[in-house]
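Undergrad: This is the content of start07.cif (mmCIF, C-alpha atoms):
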data_start
loop_
_atom_site.group_PDB
_atom_site.id
_atom_site.type_symbol
_atom_site.label_atom_id
_atom_site.label_comp_id
_atom_site.auth_asym_id
_atom_site.auth_seq_id
_atom_site.Cartn_x
_atom_site.Cartn_y
_atom_site.Cartn_z
ATOM 1 C CA MET F 8 3.803 -51.227 -37.366
ATOM 2 C CA ALA F 9 1.076 -48.867 -36.125
ATOM 3 C CA ASP F 10 0.974 -50.810 -32.843
ATOM 4 C CA ARG F 11 4.663 -50.111 -32.207
ATOM 5 C CA VAL F 12 4.252 -46.360 -32.692
ATOM 6 C CA ASP F 13 1.270 -46.227 -30.299
ATOM 7 C CA SER F 14 3.064 -48.259 -27.640
ATOM 8 C CA GLN F 15 6.122 -45.963 -27.768
ATOM 9 C CA LYS F 16 4.337 -42.713 -27.003
ATOM 10 C CA VAL F 17 6.430 -39.640 -26.334
ATOM 11 C CA PRO F 18 5.863 -38.186 -22.850
ATOM 12 C CA PRO F 19 4.261 -34.736 -22.779
ATOM 13 C CA VAL F 20 6.594 -31.758 -22.578
ATOM 14 C CA LYS F 21 6.623 -30.094 -19.139
ATOM 15 C CA LYS F 22 6.329 -26.334 -19.034
ATOM 16 C CA GLY F 23 8.146 -24.294 -16.432
ATOM 17 C CA GLY F 24 11.166 -25.115 -14.368
ATOM 18 C CA PRO F 25 11.829 -27.517 -11.539
ATOM 19 C CA PHE F 26 10.269 -25.182 -8.955
ATOM 20 C CA LYS F 27 6.584 -24.992 -8.120
ATOM 21 C CA PRO F 28 5.016 -21.571 -7.675
ATOM 22 C CA GLY F 29 5.182 -20.216 -4.126
ATOM 23 C CA TYR F 30 7.572 -20.997 -1.308
ATOM 24 C CA ASP F 31 10.091 -23.750 -1.940
ATOM 25 C CA GLU F 32 12.822 -24.898 0.473
ATOM 26 C CA ARG F 33 15.310 -25.258 -2.375
ATOM 27 C CA ARG F 34 15.127 -21.551 -3.155
ATOM 28 C CA GLY F 35 16.041 -20.392 0.314
ATOM 29 C CA LYS F 36 14.103 -18.088 2.542
ATOM 30 C CA SER F 37 14.795 -14.827 0.693
ATOM 31 C CA GLY F 38 12.595 -15.634 -2.286
ATOM 32 C CA GLY F 39 15.383 -14.675 -4.668
ATOM 33 C CA ARG F 40 15.775 -11.153 -3.267
ATOM 34 C CA PRO F 41 19.301 -9.860 -2.666
ATOM 35 C CA ARG F 42 20.708 -10.222 0.834
ATOM 36 C CA ALA F 43 21.411 -6.464 1.051
ATOM 37 C CA VAL F 44 17.730 -5.673 0.507
ATOM 38 C CA LEU F 45 16.768 -8.078 3.272
ATOM 39 C CA GLU F 46 19.270 -6.469 5.646
ATOM 40 C CA ILE F 47 17.890 -2.999 4.870
ATOM 41 C CA GLU F 48 14.329 -4.196 5.516
ATOM 42 C CA ARG F 49 15.396 -5.733 8.841
ATOM 43 C CA MET F 50 17.048 -2.437 9.806
ATOM 44 C CA LEU F 51 13.921 -0.462 8.895
ATOM 45 C CA ASP F 52 11.734 -2.861 10.856
ATOM 46 C CA ALA F 53 13.938 -2.575 13.941
ATOM 47 C CA GLU F 54 14.399 1.193 13.902
ATOM 48 C CA HIS F 55 11.296 2.682 12.301
ATOM 49 C CA ARG F 56 8.453 0.223 11.948
ATOM 50 C CA THR F 57 7.473 0.030 15.572
ATOM 51 C CA PRO F 58 4.028 0.969 16.900
ATOM 52 C CA ASP F 59 5.424 3.877 18.929
ATOM 53 C CA ASN F 60 7.316 5.348 15.975
ATOM 54 C CA MET F 61 4.347 4.949 13.649
ATOM 55 C CA ARG F 62 2.056 6.542 16.248
ATOM 56 C CA GLU F 63 4.312 9.610 16.213
ATOM 57 C CA VAL F 64 4.308 9.704 12.416
ATOM 58 C CA PHE F 65 0.527 9.461 12.178
ATOM 59 C CA THR F 66 0.064 12.077 14.899
ATOM 60 C CA ARG F 67 2.239 14.503 12.962
ATOM 61 C CA LEU F 68 0.529 13.628 9.698
ATOM 62 C CA LYS F 69 -2.864 14.235 11.307
ATOM 63 C CA GLU F 70 -1.702 17.620 12.576
ATOM 64 C CA LEU F 71 -0.507 18.620 9.112
ATOM 65 C CA ALA F 72 -3.740 17.391 7.575
ATOM 66 C CA MET F 73 -6.322 18.791 9.986
ATOM 67 C CA GLU F 74 -4.978 21.555 12.199
ATOM 68 C CA ASP F 75 -3.866 25.095 11.579
ATOM 69 C CA ILE F 76 -0.185 25.442 12.368
ATOM 70 C CA ILE F 77 0.427 28.727 14.122
ATOM 71 C CA THR F 78 3.984 29.783 14.775
ATOM 72 C CA ALA F 79 5.146 32.943 16.517
ATOM 73 C CA HIS F 80 8.593 34.452 16.308
ATOM 74 C CA THR F 81 10.174 37.718 17.326
ATOM 75 C CA ASP F 82 12.363 39.620 14.904
ATOM 76 C CA GLU F 83 15.512 41.636 15.678
ATOM 77 C CA LYS F 84 13.514 44.758 16.560
ATOM 78 C CA GLY F 85 11.440 42.917 19.168
ATOM 79 C CA VAL F 86 8.269 42.802 17.066
ATOM 80 C CA GLU F 87 6.367 39.556 17.390
ATOM 81 C CA HIS F 88 5.112 37.971 14.165
ATOM 82 C CA VAL F 89 2.498 35.238 13.993
ATOM 83 C CA THR F 90 2.157 33.055 10.915
ATOM 84 C CA ARG F 91 -0.691 30.686 10.253
ATOM 85 C CA ARG F 92 -0.481 27.748 7.889
ATOM 86 C CA PRO F 93 -3.867 26.248 7.050
ATOM 87 C CA PRO F 94 -4.380 22.479 6.831
ATOM 88 C CA ASN F 95 -2.827 20.960 3.747
ATOM 89 C CA PRO F 96 -5.146 18.963 1.453
ATOM 90 C CA ALA F 97 -2.253 16.810 0.208
ATOM 91 C CA PHE F 98 -1.530 15.649 3.755
ATOM 92 C CA MET F 99 -5.247 15.047 4.304
ATOM 93 C CA SER F 100 -5.340 12.853 1.214
ATOM 94 C CA LEU F 101 -2.284 10.915 2.407
ATOM 95 C CA TYR F 102 -3.731 10.546 5.917
ATOM 96 C CA LEU F 103 -7.096 9.287 4.657
ATOM 97 C CA GLU F 104 -5.520 6.865 2.195
ATOM 98 C CA ARG F 105 -3.346 5.360 4.931
ATOM 99 C CA THR F 106 -6.167 5.108 7.474
ATOM 100 C CA LEU F 107 -9.170 4.256 5.293
ATOM 101 C CA GLY F 108 -7.495 2.835 2.203
ATOM 102 C CA PRO F 109 -7.250 4.280 -1.299
ATOM 103 C CA VAL F 110 -10.341 5.675 -2.952
ATOM 104 C CA LYS F 111 -11.817 3.345 -5.530
ATOM 105 C CA ASP F 112 -12.318 5.071 -8.859
ATOM 106 C CA LEU F 113 -15.284 3.562 -10.686
ATOM 107 C CA ASP F 114 -16.220 4.823 -14.129
ATOM 108 C CA ILE F 115 -19.544 3.053 -14.463
ATOM 109 C CA ASP F 116 -22.623 4.803 -15.822
ATOM 110 C CA LEU F 117 -25.639 3.622 -13.825
ATOM 111 C CA SER F 118 -28.019 6.335 -15.026
ATOM 112 C CA ASP F 119 -30.218 3.883 -16.952
ATOM 113 C CA ALA F 120 -29.866 0.940 -14.540
ATOM 114 C CA PRO F 121 -32.872 -0.390 -12.606
ATOM 115 C CA VAL F 122 -33.141 0.723 -8.988
ATOM 116 C CA GLU F 123 -32.533 -2.835 -7.729
ATOM 117 C CA VAL F 124 -29.217 -2.979 -9.579
ATOM 118 C CA VAL F 125 -28.113 0.378 -8.168
ATOM 119 C CA ARG F 126 -28.986 -0.752 -4.632
ATOM 120 C CA TRP F 127 -27.179 -4.068 -5.138
ATOM 121 C CA TRP F 128 -24.099 -2.279 -6.496
ATOM 122 C CA ALA F 129 -24.087 0.200 -3.599
ATOM 123 C CA ASP F 130 -24.196 -2.683 -1.087
ATOM 124 C CA LYS F 131 -21.447 -4.539 -2.969
ATOM 125 C CA VAL F 132 -19.086 -1.552 -3.048
ATOM 126 C CA ASN F 133 -19.589 -0.782 0.631
#
Here is the file; what I need is its structure written in the form of structure tokens.
TA:
Amino acid sequence: MADRVDSQKVPPVKKGGPFKPGYDERRGKSGGRPRAVLEIERMLDAEHRTPDNMREVFTRLKELAMEDIITAHTDEKGVEHVTRRPPNPAFMSLYLERTLGPVKDLDIDLSDAPVEVVRWWADKVN
């Protein structure tokens, strides 16, 4: 009787669905995202995400981040007024994050670490 039970083993239960992780032809090319979202992304790519458009955006962002913006205007009495806006640190942060990548925030205390470890860590981070 024990031989019959061993010979009629139950197959293991499969976890997950019929699809493997990653791209699968049966799912279509959208990856399950709505068609409207794909159309909006195509529109943004065609109209805005071109090298020339992005060059203009980054030029303006760099101006806001690094240069003083001086504007002059004349009022109703004919008096000329000059206003100066200093560089904006928020734009500088945005510009640096987009060009160099986000700043890594490490909360590690290396005050009691050996010098070799500190040098190794500095090389690893850079």
Undergrad: Given the choices F:Asp112, F:Asp119, F:Asp82, F:Glu104, which gets closest to Phe65 (chain F) if the distance is worked out from only C-alpha atoms?
TA: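 Of F:Asp112, F:Asp119, F:Asp82, F:Glu104, the one nearest Phe65 (chain F), counting only C-alpha atoms, is F:Glu104.
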Undergrad: Could you jot down the CA of Arg62 (chain F) to CA of Val89 (chain F) separation for me, Å, one decimal place?
TA: 28.8 Å
Undergrad: To one decimal in Å, tell me the separation between CA of Ile77 (chain F) and CA of Asn95 (chain F).
TA: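 According to the coordinates, CA of Ile77 (chain F) and CA of Asn95 (chain F) are separated by 13.4 Å.
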Undergrad: Given the file shown, enumerate the residues that the PyMOL selection byres ((chain F and resi 73) around 10) captures and present them as a list in words.
TA: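 That expression, the PyMOL selection byres ((chain F and resi 73) around 10), corresponds here to Leu68, Lys69, Glu70, Leu71, Ala72, Glu74, Asp75, Ile76, Pro93, Pro94, Asn95, Pro96, Phe98, Met99 and Tyr102 of chain F.
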Undergrad: Have a look at CA of Asn133 (chain F) and CA of Asp116 (chain F) and let me know their distance in Å, one decimal.
TA: 17.6 Å
Undergrad: So which one's closest to Met61 (chain F), F:Arg40, F:Lys131, F:Arg105, F:Lys84? Using only C-alpha atoms, please.
TA: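 The shortest atom-to-atom distance to Met61 (chain F) comes from F:Arg105.
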